[in-house]
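> Can you read through this structure? Questions will come right after.
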Amino acid sequence: MSAKHFEELKDFLDMKVGQYNEPGFIPNDPITIPHQYAKKQDIEITGFWASILAWGQRKTIINKCRELFEMMDNSPHDFILSHTDADLKPFLNFKHRTFNDVDTLYFIEVLKWIYSENESLEDAFLTGMNDQSATIESGLIGFRDLFFSLPDAPQRTTKHIATPARKSACKRLNMFLRWMVRDDDNGVDFGLWKRIKSSQLVCPCDVHVERVARKLGLVTRKQSDWQMALELTENLRQFDPNDPVKYDFALFGLGIEEKF
């Protein structure tokens with residue numbers, strides 16, 4: 001890429017980040033779910049679950065998340081720590097795409113265990129990471145291993161938590177981490193977590209982001225996998241080494257809102 005083309009592309013993407021990374025982005029995106037809460041742990045739990053359920057039409061995703069957290073009296077942290085067996089009965093009817101009651105009940109169980117041991121879900125993503133970690137890769141691998149370490153973890157539920165160890169691009173978890181880690185005062189991402197750095201994040205690669213990234217020459221790898229996500233992030237790092245994932249807004253916005 002020539003220096004002139006690099007500057008032109010950076011200016012274009014910076015403009016698009018400014019256009020989409022603002023509060024008007026929130027209502028039609030799954031990030032609207034955690035924005036309905038004020039308590040740190042409630043934001044983490046609803047953000048994590050909303051990202052995992054982010055599959056299909058965005059309106060449907062948002063409605064299913066609202067349905068789920070209404071069953072927890074819209075106090076998910078309190079519910080997860082103090083529910084009774086009888087309180088779990090309504091969840092036997094919860095389903096979204098391939099995410100069913102078995103998955104829901106296990107998520108509640110494992111989150112209760114994690115929050116009984118930790119103040120924040122961030123601790124679960126720090127497993128295996130250190131200050132020298134260039135990306136969140138080892139954190140994602142460690143998180144999945146921890147998440148399914150309970151003896152009764154259902155095999156069917158493992159498909160809902162991706163890992164770089166299986167070459168997945170981990171788009172939903174990377175989106176969740178963007179929500180929790182990025183802090184730019186624009187009011188979209190939360191910046192709740194301080195021990196993982198924005199520079200360690202990897203760009204969430206959904207179909208819109210990938211399509212636009214390929215058109216712009218930011219991705220050459222043919223497979224939609226972890227290596228592709230790393231390639232895209234490395235190229236975005238040339239535009240902003242401290243916050244490469246802010247360009248997720250530009251790529252996603254271009255892909256979903258415009259005839260690009």
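Simple scheme: letters A, B, ... for chains in structure tokens order, numbers from 1 for residues in each chain, numbers from 1 for ligands in the order shown.
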Enumerate, in order of chain and increasing residue number, the residues of segment 8-61 of chain A with an atom no farther than 9 Å from segment 175-190 of chain A, each with its shortest atom pair and distance in Å to one decimal, counting only C-alpha atoms, as CSV.

```
residue,atom,partner,partner_atom,distance
A:Asn21,CA,A:Val188,CA,6.6
A:Glu22,CA,A:Asn186,CA,5.7
A:Pro23,CA,A:Val188,CA,5.8
A:Gly24,CA,A:Val188,CA,8.8
A:Phe25,CA,A:Val188,CA,7.5
A:Ile26,CA,A:Val188,CA,6.6
A:Ile31,CA,A:Trp179,CA,7.6
A:Thr32,CA,A:Val188,CA,8.9
A:His35,CA,A:Val188,CA,8.5
A:Ile43,CA,A:Met180,CA,8.7
A:Glu44,CA,A:Met180,CA,7.4
A:Gly47,CA,A:Phe176,CA,6.4
A:Phe48,CA,A:Phe176,CA,6.0
A:Trp49,CA,A:Phe176,CA,9.0
A:Ala50,CA,A:Phe176,CA,8.4
A:Ser51,CA,A:Phe176,CA,5.7
A:Ile52,CA,A:Phe176,CA,8.4
```
> What's the 8 Å shell around segment 125-136 of chain A, counting only C-alpha atoms, without same-chain residues fewer than 6 positions away, as a list in words?
Gly142, Phe143, Ile196, Ser199, Gln200, Leu201 and Val202 of chain A
> Excluding His96 of chain A and residues on its chain fewer than 4 positions from it, collect all residues at most 8 Å away from it, counting only C-alpha atoms, and give them as an mmCIF file with N, CA and C atoms, in the first residue's frame.

```
data_model
loop_
_atom_site.group_PDB
_atom_site.id
_atom_site.type_symbol
_atom_site.label_atom_id
_atom_site.label_comp_id
_atom_site.auth_asym_id
_atom_site.auth_seq_id
_atom_site.Cartn_x
_atom_site.Cartn_y
_atom_site.Cartn_z
ATOM 1 N N LEU A 53 -25.696 -14.610 22.172
ATOM 2 C CA LEU A 53 -26.961 -14.802 21.449
ATOM 3 C C LEU A 53 -27.035 -13.964 20.170
ATOM 4 N N LYS A 64 -35.057 -11.366 22.429
ATOM 5 C CA LYS A 64 -34.781 -12.598 23.187
ATOM 6 C C LYS A 64 -33.987 -12.285 24.452
ATOM 7 N N ASN A 100 -30.439 -23.465 23.847
ATOM 8 C CA ASN A 100 -31.677 -23.956 24.468
ATOM 9 C C ASN A 100 -31.598 -23.965 25.996
#
```
> What's the 12 Å shell around Asn74 of chain A, counting only C-alpha atoms, without same-chain residues fewer than 2 positions away, as a list in words?
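Result of the neighbour search: Ile33, Pro34, Gln36, Tyr37, Ala38, Lys39, Asp42, Ile43, Ile45, Thr46, Cys65, Arg66, Glu67, Leu68, Phe69, Glu70, Met71, Met72, Pro76, His77, Asp78, Phe79 and Ile80 of chain A.
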> What is the atom CA of Ala213 of chain A to atom CA of Ile256 of chain A distance in Å?
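Going from atom CA of Ala213 of chain A over to atom CA of Ile256 of chain A, I get 12.9 Å.
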> List the spatial neighbours of Trp113 of chain A as an MDAnalysis selection string - criterion: any atom at most 12 Å away, only C-alpha atoms, same-chain residues fewer than 3 positions off excluded.
chainID A and resid 77 80:82 106:110 116:121 124 146:150
> So how far away is atom CA of Ile114 of chain A from atom CA of Asp243 of chain A, in Å?
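These two atoms are separated by 28.5 Å.
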> Which residues come within 10 Å of Leu218 of chain A, counting only C-alpha atoms, excluding same-chain residues fewer than 3 positions away, as a list of chain:residue names?
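Close residues of Leu218 of chain A: A:Glu210, A:Val212, A:Ala213, A:Arg214, A:Lys215, A:Arg221, A:Met228, A:Glu231, A:Leu232, A:Thr233, A:Glu234, A:Asn235, A:Leu236.
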> Looking only at the backbone, which of the residues in segment 100-237 of chain A does DSSP tag as helix (DSSP H, G or I), as number ranges by chain?
A: 101-117, 122-125, 137-147, 155-160, 164-166, 171-181, 198-200, 207-215, 226-237
> Name the closest residue to Pro30 of chain A among the candidates A:Gly18, A:Gly56, A:Pro241, A:Pro164; distances are taken between atoms, counting only C-alpha atoms.
A:Gly56
> Quick one: distance from atom CA of Pro204 of chain A to atom CA of Lys159 of chain A in Å, one decimal?
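Here the two named atoms are 17.6 Å from each other.
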> Could you pull the residues within 12 Å of Ala3 of chain A, counting only C-alpha atoms, minus those fewer than 5 positions along the same chain, as a list in words?
Glu8, Leu9, Lys10, Gln238 and Phe239 of chain A
> Let me make sure I understand: among A:His160, A:Cys170, A:Leu216, A:Cys203, which one has the smallest atom-to-atom distance to Lys246 of chain A if we use only C-alpha atoms?
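Once distances to Lys246 of chain A are computed over only C-alpha atoms, the minimum belongs to A:Cys203.
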> Compare A:Val17, A:Asp123, A:His5, A:Ile141 by their minimum atom-to-atom distance to Pro244 of chain A, counting only C-alpha atoms, and give me the closest one.
A:Val17
> Can you work out which one of A:His208, A:Lys40, A:Lys95, A:Lys222 has the shortest atom-to-atom distance to Gly253 of chain A, counting only C-alpha atoms?
A:His208
